[in-house]
Structures are given as structure tokens and as C-alpha cells.
$ cat model_22.csv   # CSV, C-alpha atoms (C1' of nucleotides)
chain,number,residue,atom,x,y,z
A,1284,MET,CA,87.8,22.9,-70.8
A,1285,ASP,CA,87.8,24.2,-74.3
A,1286,VAL,CA,88.2,27.7,-75.8
A,1287,LYS,CA,84.5,28.3,-75.6
A,1288,THR,CA,84.4,27.8,-71.9
A,1289,ILE,CA,87.4,30.0,-71.3
A,1290,CYS,CA,86.0,32.8,-73.4
A,1291,LEU,CA,83.0,32.7,-71.2
A,1292,GLY,CA,85.3,32.9,-68.2
A,1293,ILE,CA,87.2,35.8,-69.6
A,1294,LEU,CA,84.0,37.7,-70.1
A,1295,THR,CA,83.3,37.4,-66.3
A,1296,PHE,CA,86.0,40.0,-65.9
A,1297,GLY,CA,84.1,42.4,-68.1
A,1298,ASP,CA,82.8,43.0,-71.6
A,1299,ALA,CA,85.3,42.5,-74.4
A,1300,THR,CA,85.7,42.1,-78.1
A,1301,GLY,CA,87.2,39.0,-79.7
A,1302,TYR,CA,90.4,40.9,-80.2
A,1303,GLU,CA,90.5,41.7,-76.5
A,1304,ILE,CA,89.7,38.2,-75.5
A,1305,LYS,CA,92.7,37.0,-77.4
A,1306,LYS,CA,94.8,39.5,-75.5
A,1307,ALA,CA,93.3,38.3,-72.2
A,1308,PHE,CA,94.4,34.7,-73.1
A,1309,GLN,CA,98.0,36.1,-73.6
A,1310,ASP,CA,98.0,38.3,-70.5
A,1311,ARG,CA,96.2,36.1,-68.0
A,1312,LEU,CA,96.5,32.5,-69.2
A,1313,SER,CA,99.4,32.2,-71.5
A,1314,LEU,CA,101.1,29.9,-69.0
A,1315,LEU,CA,98.2,27.5,-69.2
A,1316,TYR,CA,96.5,28.1,-72.5
A,1317,GLU,CA,96.8,29.8,-75.8
A,1318,ALA,CA,94.1,30.4,-78.4
A,1319,SER,CA,94.1,31.7,-81.9
A,1320,TYR,CA,91.4,33.9,-83.6
A,1321,GLY,CA,90.5,30.9,-85.6
A,1322,SER,CA,89.1,29.3,-82.4
A,1323,ILE,CA,87.9,32.4,-80.6
A,1324,TYR,CA,85.7,34.0,-83.2
A,1325,PRO,CA,83.7,30.8,-83.9
A,1326,ALA,CA,83.5,30.2,-80.2
A,1327,LEU,CA,81.9,33.6,-79.6
A,1328,ASN,CA,79.4,33.0,-82.4
A,1329,LYS,CA,78.4,29.7,-80.8
A,1330,LEU,CA,78.1,31.2,-77.4
A,1331,THR,CA,75.9,33.9,-78.8
A,1332,THR,CA,73.6,31.3,-80.5
A,1333,GLU,CA,73.3,29.5,-77.2
A,1334,GLY,CA,72.4,32.7,-75.4
A,1335,LEU,CA,75.4,32.5,-73.0
A,1336,VAL,CA,76.8,35.8,-74.3
A,1337,SER,CA,75.1,38.8,-75.8
A,1338,CYS,CA,76.7,41.0,-78.5
A,1339,ARG,CA,76.3,44.6,-79.3
A,1340,ALA,CA,78.0,46.2,-82.4
A,1341,GLU,CA,79.8,49.5,-82.2
A,1342,SER,CA,80.4,51.1,-85.5
A,1343,GLN,CA,83.8,52.7,-85.9
A,1344,SER,CA,84.9,55.0,-88.7
A,1345,LYS,CA,87.4,53.2,-91.0
A,1346,ARG,CA,87.6,50.0,-89.0
A,1347,PRO,CA,85.4,47.0,-89.0
A,1348,ASP,CA,82.5,47.2,-86.5
A,1349,LYS,CA,83.6,46.4,-83.0
A,1350,LYS,CA,81.5,43.6,-81.6
A,1351,ILE,CA,81.4,43.8,-77.8
A,1352,TYR,CA,80.5,40.7,-76.0
A,1353,SER,CA,78.9,40.5,-72.6
A,1354,ILE,CA,78.2,37.4,-70.6
A,1355,THR,CA,74.6,36.8,-69.8
A,1356,LEU,CA,73.2,35.5,-66.5
A,1357,GLU,CA,72.6,32.2,-68.1
A,1358,GLY,CA,76.2,32.3,-69.3
A,1359,GLN,CA,77.5,32.9,-65.8
A,1360,LEU,CA,75.5,30.0,-64.4
A,1361,ALA,CA,76.7,27.7,-67.2
A,1362,PHE,CA,80.3,28.7,-66.6
A,1363,ILE,CA,80.2,28.1,-62.9
A,1364,ARG,CA,78.5,24.8,-63.5
A,1365,GLN,CA,81.5,23.9,-65.8
A,1366,LEU,CA,84.0,25.1,-63.2
A,1367,LYS,CA,82.6,22.7,-60.7
A,1368,GLU,CA,83.2,19.6,-62.9
A,1369,SER,CA,86.2,17.9,-61.7
A,1370,PRO,CA,89.3,19.0,-63.6
A,1371,ALA,CA,91.2,16.7,-65.9
A,1372,PRO,CA,94.7,15.8,-64.7
A,1373,ASP,CA,97.5,18.2,-65.5
A,1374,LYS,CA,99.5,17.6,-68.6
A,1375,LEU,CA,103.0,18.8,-69.5
A,1376,ARG,CA,104.0,18.8,-73.1
A,1377,SER,CA,107.7,19.3,-73.7
A,1378,GLU,CA,109.2,18.5,-77.1
A,1379,ALA,CA,112.7,19.3,-75.7
A,1380,LEU,CA,112.4,16.7,-73.0
A,1381,THR,CA,110.8,14.3,-75.3
A,1382,THR,CA,113.8,14.7,-77.6
A,1383,LEU,CA,116.1,14.1,-74.7
A,1384,MET,CA,114.5,10.8,-74.0
A,1385,PHE,CA,116.3,9.7,-77.1
A,1386,ALA,CA,119.7,11.0,-76.0
A,1387,HIS,CA,121.1,7.6,-77.0
A,1388,LEU,CA,120.7,8.6,-80.6
A,1389,LEU,CA,122.3,12.0,-80.3
A,1390,PRO,CA,125.9,13.2,-80.1
A,1391,ALA,CA,126.8,14.4,-76.6
A,1392,SER,CA,127.5,17.9,-77.8
A,1393,TYR,CA,124.0,18.2,-79.2
A,1394,VAL,CA,122.5,16.9,-76.0
A,1395,ALA,CA,124.5,19.5,-74.1
A,1396,GLN,CA,123.4,22.2,-76.4
A,1397,LEU,CA,119.7,21.3,-76.1
A,1398,LEU,CA,120.0,21.3,-72.3
A,1399,ASP,CA,121.6,24.7,-72.4
A,1400,ASP,CA,118.8,25.9,-74.7
A,1401,VAL,CA,116.1,24.6,-72.3
A,1402,ILE,CA,117.7,26.2,-69.4
A,1403,GLY,CA,118.1,29.5,-71.3
A,1404,ALA,CA,114.5,29.4,-72.4
A,1405,ASN,CA,113.3,28.8,-68.9
A,1406,GLU,CA,115.4,31.6,-67.6
A,1407,LYS,CA,113.9,34.0,-70.1
A,1408,ILE,CA,110.5,33.0,-69.0
A,1409,ILE,CA,111.4,33.5,-65.3
A,1410,GLU,CA,112.7,36.9,-66.1
A,1411,THR,CA,109.6,37.9,-68.1
A,1412,LEU,CA,107.3,36.6,-65.4
A,1413,SER,CA,109.3,38.3,-62.6
A,1414,GLY,CA,108.7,41.6,-64.4
A,1415,GLU,CA,105.1,41.0,-65.1
A,1416,CYS,CA,104.3,39.6,-61.6
A,1417,GLU,CA,104.4,43.0,-60.0
A,1418,THR,CA,102.2,44.7,-62.6
A,1419,LYS,CA,99.4,42.2,-62.1
A,1420,HIS,CA,96.6,43.6,-60.1
A,1421,SER,CA,94.5,40.5,-59.2
A,1422,LEU,CA,95.6,38.0,-56.7
A,1423,SER,CA,95.0,35.0,-58.9
A,1424,GLU,CA,97.2,36.5,-61.6
A,1425,LYS,CA,99.9,37.0,-59.1
A,1426,PHE,CA,99.5,33.4,-57.9
A,1427,LEU,CA,99.8,32.0,-61.4
A,1428,CYS,CA,102.7,34.2,-62.3
A,1429,GLY,CA,104.6,33.1,-59.1
A,1430,PHE,CA,103.6,29.5,-59.9
A,1431,GLY,CA,105.3,29.7,-63.3
A,1432,ILE,CA,108.4,31.1,-61.8
A,1433,ALA,CA,108.6,28.5,-59.0
A,1434,VAL,CA,108.1,25.6,-61.4
A,1435,LYS,CA,110.6,26.9,-64.0
A,1436,GLN,CA,113.2,27.5,-61.3
A,1437,ALA,CA,112.8,24.0,-60.0
A,1438,ALA,CA,113.0,22.6,-63.5
A,1439,ASN,CA,116.2,24.5,-64.1
A,1440,GLN,CA,117.8,23.5,-60.9
A,1441,TYR,CA,116.9,19.9,-61.5
A,1442,ILE,CA,118.3,20.0,-65.0
A,1443,SER,CA,121.5,21.6,-63.9
A,1444,GLU,CA,122.0,19.0,-61.2
A,1445,ASN,CA,121.1,16.0,-63.3
A,1446,ARG,CA,122.0,16.8,-66.8
A,1447,HIS,CA,125.0,14.4,-66.5
A,1448,LEU,CA,122.5,11.5,-66.7
A,1449,LEU,CA,121.5,12.5,-70.2
A,1450,GLU,CA,125.0,13.4,-71.3
A,1451,ALA,CA,126.2,10.1,-70.1
A,1452,GLU,CA,123.4,8.3,-72.0
A,1453,SER,CA,124.6,9.9,-75.1
A,1454,LEU,CA,128.3,9.1,-74.5
A,1455,LEU,CA,127.5,5.5,-73.7
A,1456,SER,CA,126.1,4.7,-77.1
A,1457,ASP,CA,127.7,5.2,-80.4
A,1458,HIS,CA,125.3,6.9,-82.7
A,1459,ALA,CA,126.7,6.0,-86.1
A,1460,ALA,CA,123.7,7.6,-87.7
A,1461,GLU,CA,124.7,11.1,-86.6
B,453,MET,CA,106.2,15.9,-82.6
B,454,ASP,CA,103.2,13.7,-83.2
B,455,VAL,CA,102.4,10.1,-82.3
B,456,LYS,CA,103.9,8.9,-85.5
B,457,THR,CA,107.3,10.4,-84.7
B,458,ILE,CA,107.3,9.1,-81.2
B,459,CYS,CA,106.4,5.5,-82.3
B,460,LEU,CA,109.4,5.7,-84.5
B,461,GLY,CA,111.5,6.7,-81.5
B,462,ILE,CA,110.1,4.0,-79.3
B,463,LEU,CA,111.1,1.5,-82.0
B,464,THR,CA,114.8,2.6,-81.7
B,465,PHE,CA,114.7,0.8,-78.3
B,466,GLY,CA,113.9,-2.4,-80.1
B,467,ASP,CA,111.2,-4.2,-82.1
B,468,ALA,CA,107.7,-4.0,-80.7
B,469,THR,CA,104.0,-4.6,-81.4
B,470,GLY,CA,101.4,-1.8,-81.4
B,471,TYR,CA,100.3,-3.1,-78.0
B,472,GLU,CA,103.9,-2.9,-76.6
B,473,ILE,CA,104.3,0.6,-78.0
B,474,LYS,CA,101.3,1.7,-76.1
B,475,LYS,CA,102.9,0.3,-73.0
B,476,ALA,CA,106.1,2.1,-73.8
B,477,PHE,CA,104.2,5.4,-74.0
B,478,GLN,CA,103.0,4.6,-70.5
B,479,ASP,CA,106.2,3.4,-69.0
B,480,ARG,CA,108.6,5.8,-70.6
B,481,LEU,CA,106.7,8.9,-71.6
B,482,SER,CA,103.6,9.2,-69.6
B,483,LEU,CA,104.8,12.4,-68.0
B,484,LEU,CA,105.1,14.0,-71.3
B,485,TYR,CA,102.8,12.2,-73.7
B,486,GLU,CA,100.0,9.7,-73.8
B,487,ALA,CA,98.6,8.0,-76.9
B,488,SER,CA,95.7,5.7,-77.5
B,489,TYR,CA,95.4,2.7,-79.8
B,490,GLY,CA,93.3,4.8,-82.1
B,491,SER,CA,96.3,6.9,-82.9
B,492,ILE,CA,99.1,4.3,-82.6
B,493,TYR,CA,97.8,1.7,-85.0
B,494,PRO,CA,97.1,4.1,-87.9
B,495,ALA,CA,100.5,5.7,-87.2
B,496,LEU,CA,102.2,2.3,-87.6
B,497,ASN,CA,100.4,1.7,-90.8
B,498,LYS,CA,101.5,5.0,-92.3
B,499,LEU,CA,105.1,4.5,-91.2
B,500,THR,CA,105.0,1.1,-92.9
B,501,THR,CA,103.7,2.7,-96.1
B,502,GLU,CA,106.4,5.3,-95.9
B,503,GLY,CA,109.1,2.6,-95.5
B,504,LEU,CA,110.2,4.0,-92.1
B,505,VAL,CA,109.3,0.8,-90.3
B,506,SER,CA,109.0,-2.8,-91.5
B,507,CYS,CA,106.5,-5.3,-90.1
B,508,ARG,CA,106.5,-9.1,-89.8
B,509,ALA,CA,103.5,-11.0,-88.6
B,510,GLU,CA,103.8,-13.8,-86.1
B,511,SER,CA,100.8,-16.1,-86.0
B,512,GLN,CA,99.6,-17.1,-82.6
B,513,SER,CA,97.2,-19.8,-81.7
B,514,LYS,CA,93.9,-18.3,-80.6
B,515,ARG,CA,95.0,-14.7,-80.6
B,516,PRO,CA,95.1,-12.2,-83.5
B,517,ASP,CA,98.4,-12.3,-85.3
B,518,LYS,CA,101.1,-10.3,-83.6
B,519,LYS,CA,102.6,-7.7,-85.9
B,520,ILE,CA,106.1,-7.0,-84.8
B,521,TYR,CA,107.4,-3.7,-86.1
B,522,SER,CA,111.1,-2.8,-86.7
B,523,ILE,CA,112.5,0.5,-87.5
B,524,THR,CA,114.3,0.6,-90.9
B,525,LEU,CA,117.6,2.4,-91.5
B,526,GLU,CA,115.6,5.0,-93.4
B,527,GLY,CA,113.4,5.3,-90.4
B,528,GLN,CA,116.3,5.9,-88.1
B,529,LEU,CA,117.6,8.6,-90.3
B,530,ALA,CA,114.2,10.3,-90.5
B,531,PHE,CA,113.7,10.1,-86.8
B,532,ILE,CA,117.1,11.7,-86.1
B,533,ARG,CA,116.4,14.4,-88.6
B,534,GLN,CA,113.2,15.2,-86.8
B,535,LEU,CA,114.9,15.2,-83.4
B,536,LYS,CA,117.2,17.9,-84.7
B,537,GLU,CA,114.4,20.2,-85.5
B,538,SER,CA,114.2,22.8,-82.8
B,539,PRO,CA,111.6,21.8,-80.3
B,540,ALA,CA,108.4,23.8,-79.7
B,541,PRO,CA,108.2,25.6,-76.4
B,542,ASP,CA,106.9,23.6,-73.4
B,543,LYS,CA,103.3,23.7,-72.6
B,544,LEU,CA,101.6,23.1,-69.3
B,545,ARG,CA,97.9,22.3,-69.4
B,546,SER,CA,96.2,22.4,-66.1
B,547,GLU,CA,92.4,22.5,-65.8
B,548,ALA,CA,92.7,22.8,-62.1
B,549,LEU,CA,94.8,25.9,-62.2
B,550,THR,CA,92.7,27.3,-65.0
B,551,THR,CA,89.6,26.8,-62.8
B,552,LEU,CA,91.4,28.6,-60.0
B,553,MET,CA,92.0,31.6,-62.2
B,554,PHE,CA,88.3,32.2,-61.7
B,555,ALA,CA,88.4,31.9,-57.9
B,556,HIS,CA,86.4,35.2,-57.8
B,557,LEU,CA,83.4,33.2,-58.9
B,558,LEU,CA,83.8,30.3,-56.5
B,559,PRO,CA,83.1,29.9,-52.8
B,560,ALA,CA,86.2,29.9,-50.6
B,561,SER,CA,85.5,26.4,-49.4
B,562,TYR,CA,85.4,25.2,-52.9
B,563,VAL,CA,88.7,26.9,-53.7
B,564,ALA,CA,90.3,25.3,-50.7
B,565,GLN,CA,89.0,21.9,-51.6
B,566,LEU,CA,90.3,22.2,-55.1
B,567,LEU,CA,93.7,23.3,-53.8
B,568,ASP,CA,93.8,20.3,-51.5
B,569,ASP,CA,92.9,18.0,-54.4
B,570,VAL,CA,95.7,19.4,-56.5
B,571,ILE,CA,98.2,19.0,-53.8
B,572,GLY,CA,96.9,15.5,-53.1
B,573,ALA,CA,97.1,14.5,-56.8
B,574,ASN,CA,100.6,15.8,-57.0
B,575,GLU,CA,101.6,13.9,-53.9
B,576,LYS,CA,100.3,10.7,-55.4
B,577,ILE,CA,102.3,11.3,-58.5
B,578,ILE,CA,105.4,12.0,-56.5
B,579,GLU,CA,104.9,8.8,-54.6
B,580,THR,CA,104.4,6.7,-57.7
B,581,LEU,CA,107.4,8.2,-59.4
B,582,SER,CA,109.6,7.7,-56.4
B,583,GLY,CA,108.8,4.0,-56.5
B,584,GLU,CA,109.3,3.7,-60.2
B,585,CYS,CA,112.4,5.8,-60.3
B,586,GLU,CA,114.6,3.0,-58.9
B,587,THR,CA,113.2,0.4,-61.1
B,588,LYS,CA,114.2,2.3,-64.3
B,589,HIS,CA,117.2,1.0,-66.0
B,590,SER,CA,118.1,3.7,-68.4
B,591,LEU,CA,119.6,7.0,-67.4
B,592,SER,CA,117.2,9.1,-69.4
B,593,GLU,CA,114.3,7.4,-67.8
B,594,LYS,CA,115.8,8.1,-64.4
B,595,PHE,CA,116.3,11.7,-65.4
B,596,LEU,CA,112.7,12.2,-66.5
B,597,CYS,CA,111.3,10.5,-63.4
B,598,GLY,CA,113.4,12.7,-61.2
B,599,PHE,CA,112.3,15.7,-63.2
B,600,GLY,CA,108.7,14.9,-62.6
B,601,ILE,CA,109.3,14.6,-58.9
B,602,ALA,CA,111.2,17.8,-58.7
B,603,VAL,CA,108.6,19.8,-60.6
B,604,LYS,CA,105.7,18.4,-58.7
B,605,GLN,CA,107.4,19.0,-55.4
B,606,ALA,CA,108.1,22.6,-56.3
B,607,ALA,CA,104.5,23.0,-57.4
B,608,ASN,CA,103.2,21.7,-54.2
B,609,GLN,CA,105.5,23.8,-52.1
B,610,TYR,CA,104.5,26.9,-54.0
B,611,ILE,CA,100.8,26.1,-53.7
B,612,SER,CA,101.0,25.5,-50.0
B,613,GLU,CA,102.8,28.8,-49.4
B,614,ASN,CA,100.7,30.9,-51.7
B,615,ARG,CA,97.2,29.4,-51.7
B,616,HIS,CA,96.1,32.3,-49.5
B,617,LEU,CA,96.2,34.5,-52.6
B,618,LEU,CA,93.5,32.4,-54.3
B,619,GLU,CA,91.5,31.9,-51.1
B,620,ALA,CA,91.5,35.7,-50.5
B,621,GLU,CA,90.4,36.3,-54.1
B,622,SER,CA,87.4,34.1,-53.5
B,623,LEU,CA,86.6,35.8,-50.1
B,624,LEU,CA,86.9,39.3,-51.6
B,625,SER,CA,84.1,38.9,-54.1
B,626,ASP,CA,80.5,37.8,-53.4
B,627,HIS,CA,79.6,35.0,-55.7
B,628,ALA,CA,75.9,35.3,-55.6
B,629,ALA,CA,75.6,32.7,-58.4
B,630,GLU,CA,77.0,30.0,-56.2
C,513,DC,C1',107.8,53.6,-95.6
C,514,DT,C1',107.6,49.8,-92.6
C,515,DG,C1',106.0,47.4,-88.8
C,516,DT,C1',102.8,47.1,-85.1
C,517,DG,C1',98.3,47.4,-83.4
C,518,DC,C1',93.5,47.4,-84.2
C,519,DA,C1',89.6,44.5,-86.0
C,520,DT,C1',86.9,40.5,-88.0
C,521,DG,C1',86.2,36.3,-90.0
C,522,DT,C1',86.3,31.5,-93.0
C,523,DA,C1',88.0,27.1,-94.8
C,524,DA,C1',91.0,23.5,-95.0
C,525,DA,C1',94.0,20.7,-92.8
C,526,DT,C1',95.8,18.4,-88.8
C,527,DC,C1',95.7,15.7,-85.0
C,528,DG,C1',93.8,13.1,-81.8
C,529,DT,C1',90.3,10.7,-78.6
C,530,DT,C1',86.3,7.9,-77.8
C,531,DA,C1',83.5,4.4,-78.8
C,532,DC,C1',82.8,0.4,-81.2
C,533,DA,C1',83.9,-4.5,-82.7
C,534,DT,C1',86.1,-9.1,-81.2
C,535,DG,C1',87.8,-12.7,-78.4
C,536,DA,C1',91.1,-16.0,-75.8
C,537,DT,C1',94.1,-16.6,-71.6
C,538,DT,C1',95.6,-16.1,-67.0
C,539,DG,C1',95.7,-15.0,-62.3
C,540,DC,C1',93.0,-14.2,-58.1
D,271,DG,C1',83.5,-16.3,-61.9
D,272,DC,C1',85.6,-11.9,-62.8
D,273,DA,C1',89.1,-8.7,-63.9
D,274,DA,C1',93.2,-7.8,-66.2
D,275,DT,C1',96.2,-8.8,-70.0
D,276,DC,C1',97.1,-9.7,-74.6
D,277,DA,C1',96.0,-8.2,-79.4
D,278,DT,C1',94.2,-5.5,-83.6
D,279,DG,C1',91.8,-2.3,-85.8
D,280,DT,C1',88.0,1.4,-87.8
D,281,DA,C1',84.8,5.3,-87.9
D,282,DA,C1',82.8,9.2,-86.1
D,283,DC,C1',83.5,13.0,-83.8
D,284,DG,C1',85.8,17.0,-81.7
D,285,DA,C1',89.0,20.7,-81.1
D,286,DT,C1',92.3,23.6,-82.8
D,287,DT,C1',95.8,25.6,-85.8
D,288,DT,C1',97.2,27.6,-90.1
D,289,DA,C1',96.6,30.0,-93.9
D,290,DC,C1',93.9,33.1,-96.3
D,291,DA,C1',91.2,37.5,-96.9
D,292,DT,C1',90.9,42.7,-95.8
D,293,DG,C1',92.3,47.3,-94.5
D,294,DC,C1',93.2,51.7,-91.8
D,295,DA,C1',96.1,54.4,-88.3
D,296,DC,C1',100.1,55.6,-86.1
D,297,DA,C1',104.8,55.6,-84.5
D,298,DG,C1',109.6,55.5,-85.5

$ encode --input "model_22.csv" --output "C-alpha cells"
Amino acid sequence: MDVKTICLGILTFGDATGYEIKKAFQDRLSLLYEASYGSIYPALNKLTTEGLVSCRAESQSKRPDKKIYSITLEGQLAFIRQLKESPAPDKLRSEALTTLMFAHLLPASYVAQLLDDVIGANEKIIETLSGECETKHSLSEKFLCGFGIAVKQAANQYISENRHLLEAESLLSDHAAE
Amino acid sequence: MDVKTICLGILTFGDATGYEIKKAFQDRLSLLYEASYGSIYPALNKLTTEGLVSCRAESQSKRPDKKIYSITLEGQLAFIRQLKESPAPDKLRSEALTTLMFAHLLPASYVAQLLDDVIGANEKIIETLSGECETKHSLSEKFLCGFGIAVKQAANQYISENRHLLEAESLLSDHAAE
DNA sequence: CTGTGCATGTAAATCGTTACATGATTGC
DNA sequence: GCAATCATGTAACGATTTACATGCACAG
């Protein structure tokens, strides 16, 4: 699933400009996906060429023309077709945890600090999501929001209970290179 | 953190061939990172050029020469320097959950099936990791393995308890396009 | 008067996967 | 006899980010 496909999906919620689609990525999908203008605008142009979205321009005084995109019937069909392809397996990318897989090279104090940072960052996300969760109107957004909270809480609990493994790994080796 | 950096890291565990590094990605990091030969071999070549690893060839009868890579002192310093850069935030990429954010376009039976599939896939991962966890020798590997289990278990529990939200979203809308 | 929000886009650079190319050995 | 393991690499392609380019309006 690439940016193009997801833009199409976002347009099933209603017409939007490229700018608004970017916000939708942040509001609805930031837990799973982020996209920059540099990928969204070209994606919308391609979709238009392919006839999967249509575009009407609205002129504004003293602003660039607003281009409002709508998904076409053909676009809806194409999107649903893509939704039904079996999804690729989930992937977690964590530079912090990757770093910690090399705890044997790092001083114990640094490992401890990193772990605290990870826990702190997760807590911040949990807080933010907890606030947002109630403001969400759709059930799927509530689901995703709750999912994020549940997973981050589990992560923090696990880290708190097992961080000694990494801290021990660091202490066991002498990292002369530090 | 790119493949090049992680190859360097893997070599801190001991000398290895490109082939063995690929296995190390699978054995040690598959939860966080995967890499193909198409990225590993060019990475090793670049690292050699940069003097961060050295390479000795071992000729084998009836096989291509084995190229055994070692990290140099300079490489160790460079790697630790990179470990100390503050890590990018974690990212979760889940096509299945992304698909489910569009439950309003899918028939309820399909949503239910997808949820079952996700739970099943997670269970399989939990099982695999549970087996592997004991065979791991290093503490950091045990940590990561346990982390995977904890997070996937939390995910499955959350999904089981809240799947009705997505199933309802699907039922609430009529998806004529199905 | 400064930063944030609105609004669009392009070009280069980065990073990686997939497919191709080759081929012997070992275990079932 | 067939699949998996060992072993290396390149080239084309794909996807996305980053940096650049522009500029007004409004709030604090």
C-alpha cells in the first residue's frame, strides 16, 4: 500500500485538497503511516491522469488556487479491489530498540538513559492518544487510537520489567571504545 | 539507521560473510529490520572502501570465494558514534490495520475475516518467538524476543476486546460497491 | 514582527527491493 | 530426484524524503 492508494482511501471520506489530505494522514493514520507533500501531490496528479480521482479548481483571492479532489466511481472500485489484496505482514521499525541490541558496546548509564527516553516517549504518545481518543468521531479511529495506547502501554510495561537484561548486557562487557 | 550501519553492528559480534550477515538479520533483528542481499553486498563494499571493515577472501573448492569481513577499529568508533545519535521515533507499518481503517467500505464478513487473520498471524509469531526465546544466548536477544511476544499479545488482546468497533463500522454503512 | 496555518508544486537524492545470473553440496 | 543451504553479485525499478521555490493572512 503506497501513498497513492491511501490518498484514494482518504478521499472516500469526502472531497479534499492535497493540503487536507496531508492533515488526514496526520489525524487518522499517523500511527501507521506518514506522508509528505512531496509524495502526496505527485500521487494526486497520477490518480487524476488515471481517472481514479477528479479535480476541480477553486480560485481564491491572494492564495494559490485550491484544487479539490473527489474520488470517482472507478476510483472507489479500484480502491476496494486493492483493499482486498492480502495485506503484507506488519513491520515495526524502532531505532531505539535496534540501538539497544548493541548494548554490549554502550556504557550502562547510556543504556539506562536510552531506556528512560523510550519509556518517556511512549508515555507521551499514550497521553496524547488518550486525549485524542475521545474527540474521534468514527469507530475505526477510536479503535486505532485505543490500539496505539494498548500497544505502547504493553511495551512500557515490558521494558520496565525487563530492562535489567539490557543493563546487564552492558555491564558484562567492557566497552573500551566508549 | 540504514543497512550499512547495521551490517557494521552485526560485525561487532564477530567476523562474518555477507551470507552470514543476512542470517544475522533474520536471527537477531527480524522483529525490527530485514535486509536483502541486494542491499547487504553493496553495503559491505562501501564499508570496505571507507575503511570501516576489512575483508579477507578464503578460497573454497567448488564454491565462490568466501569473503570474510571484519570490523576495523575505525569502524567500531564510527558505529558507536552512530549509536549515540538520538534515535528516530518508532514506526509501525501495518497494512492490515490500514485496511481496517476503511472498514466502512468493506462487508462485515470480510472485516471479521481480516481480524481473524491478524490475530492468527500474531499468534503464530508469538508461538515462534516463544520457542526461539529459550534458545537465545545473549540477554539482548532474549529481551527483544520477549518484547515481541509482549507487544503481540497486547495487540491480540486489544483486538479481541475491541473488534466490535470495526465490525460495527462496517455494518453501519452500506457498501454498494462490494 | 514572528510564527503558524493555508496552499501548491518540483528536483535531486536516498534507500531499498526484486529479479536476474550462476552453480555446487547435502540431506531427505 | 528435489529442496534447501551455501555463496556472491548487478541492474532496473520503485517509493519516498528533503530541500527548494513562493507568498498571503492572522494571531499573539

$ interface_residues --input "model_22.csv" --of "chain A" --to "chain C" --cutoff "12 Å" --atoms "only C-alpha atoms (C1' of nucleotides)" --output "VMD selection string"
chain A and resid 1300 to 1303 1305 to 1306 1320 to 1328 1340 to 1351

$ closest_residue --input "model_22.csv" --among "D:DA285, D:DA274, D:DA297, D:DC290" --to "chain A" --atoms "all atoms listed in the file"
D:DA285

$ closest_atom_pairs --input "model_22.csv" --of "chain B" --to "chain A" --cutoff "7 Å" --atoms "only C-alpha atoms" --output "CSV"
residue,atom,partner,partner_atom,distance
B:Met453,CA,A:Glu1378,CA,6.8
B:Leu483,CA,A:Leu1375,CA,6.8
B:Leu484,CA,A:Arg1376,CA,5.2
B:Tyr485,CA,A:Arg1376,CA,6.7
B:Leu529,CA,A:Ala1460,CA,6.7
B:Leu535,CA,A:Thr1382,CA,5.9
B:Pro539,CA,A:Glu1378,CA,5.2
B:Ala540,CA,A:Glu1378,CA,6.0
B:Pro541,CA,A:Ser1377,CA,6.9
B:Asp542,CA,A:Ser1377,CA,4.4
B:Lys543,CA,A:Arg1376,CA,5.0
B:Leu544,CA,A:Leu1375,CA,4.5
B:Arg545,CA,A:Lys1374,CA,5.0
B:Ser546,CA,A:Asp1373,CA,4.4
B:Glu547,CA,A:Pro1370,CA,5.2
B:Ala548,CA,A:Pro1370,CA,5.3
B:Thr550,CA,A:Leu1315,CA,6.9
B:Thr551,CA,A:Leu1366,CA,5.9
B:Met553,CA,A:Ser1423,CA,5.6
B:Leu591,CA,A:Leu1448,CA,5.4
B:Ser592,CA,A:Leu1449,CA,5.5
B:Phe595,CA,A:Leu1448,CA,6.3
B:Phe599,CA,A:Tyr1441,CA,6.5
B:Ala602,CA,A:Ala1437,CA,6.5
B:Val603,CA,A:Val1434,CA,5.9
B:Ala606,CA,A:Val1434,CA,5.9
B:Ala607,CA,A:Val1434,CA,6.0
B:Tyr610,CA,A:Phe1430,CA,6.5
B:Asn614,CA,A:Phe1426,CA,6.8
B:Leu617,CA,A:Leu1422,CA,5.4
B:Leu618,CA,A:Ser1423,CA,5.5
B:Glu621,CA,A:Leu1422,CA,6.1
B:Ala629,CA,A:Leu1360,CA,6.6

$ interface_residues --input "model_22.csv" --of "chain D" --to "chain A" --cutoff "12 Å" --atoms "only C-alpha atoms (C1' of nucleotides)" --output "ChimeraX atom specification"
/D:284-290,292-295

$ atom_distance --input "model_22.csv" --atom1 "CA of Lys498 in chain B" --atom2 "CA of Cys459 in chain B"
11.1 Å

$ atom_distance --input "model_22.csv" --atom1 "CA of Glu502 in chain B" --atom2 "CA of Thr457 in chain B"
12.3 Å

$ atom_distance --input "model_22.csv" --atom1 "CA of Gly583 in chain B" --atom2 "CA of Glu1444 in chain A"
20.5 Å

$ axis_aligned_box --input "model_22.csv" --around "range 521-534 of chain C" --padding-each-side "4 Å" --output "JSON"
{"center_x": 89.3, "center_y": 13.6, "center_z": -86.4, "size_x": 21.0, "size_y": 53.4, "size_z": 25.2}

$ decode --input "model_22.csv" --residues "range 1287-1298 of chain A" --atoms "N, CA and C atoms" --output "tab-separated table (two decimals), in the first residue's frame"
chain	number	residue	atom	x	y	z
A	1287	LYS	N	-0.28	6.64	-2.91
A	1287	LYS	CA	-1.33	6.80	-3.91
A	1287	LYS	C	-2.62	6.12	-3.45
A	1288	THR	N	-2.48	4.89	-3.05
A	1288	THR	CA	-3.64	4.11	-2.61
A	1288	THR	C	-4.31	4.76	-1.40
A	1289	ILE	N	-3.49	5.20	-0.47
A	1289	ILE	CA	-4.07	5.75	0.75
A	1289	ILE	C	-4.75	7.10	0.49
A	1290	CYS	N	-4.19	7.88	-0.42
A	1290	CYS	CA	-4.86	9.13	-0.81
A	1290	CYS	C	-6.26	8.81	-1.32
A	1291	LEU	N	-6.32	7.80	-2.13
A	1291	LEU	CA	-7.59	7.35	-2.67
A	1291	LEU	C	-8.54	7.02	-1.52
A	1292	GLY	N	-8.02	6.30	-0.55
A	1292	GLY	CA	-8.83	5.91	0.60
A	1292	GLY	C	-9.32	7.11	1.38
A	1293	ILE	N	-8.45	8.06	1.58
A	1293	ILE	CA	-8.83	9.25	2.35
A	1293	ILE	C	-9.95	9.99	1.64
A	1294	LEU	N	-9.90	9.97	0.32
A	1294	LEU	CA	-10.96	10.66	-0.44
A	1294	LEU	C	-12.31	9.94	-0.35
A	1295	THR	N	-12.31	8.70	0.15
A	1295	THR	CA	-13.62	8.06	0.36
A	1295	THR	C	-14.35	8.67	1.56
A	1296	PHE	N	-13.62	9.42	2.37
A	1296	PHE	CA	-14.27	10.12	3.49
A	1296	PHE	C	-14.89	11.43	3.05
A	1297	GLY	N	-14.54	11.89	1.86
A	1297	GLY	CA	-15.06	13.15	1.36
A	1297	GLY	C	-14.01	13.86	0.53
A	1298	ASP	N	-14.45	14.84	-0.24
A	1298	ASP	CA	-13.54	15.61	-1.08
A	1298	ASP	C	-12.49	16.31	-0.23
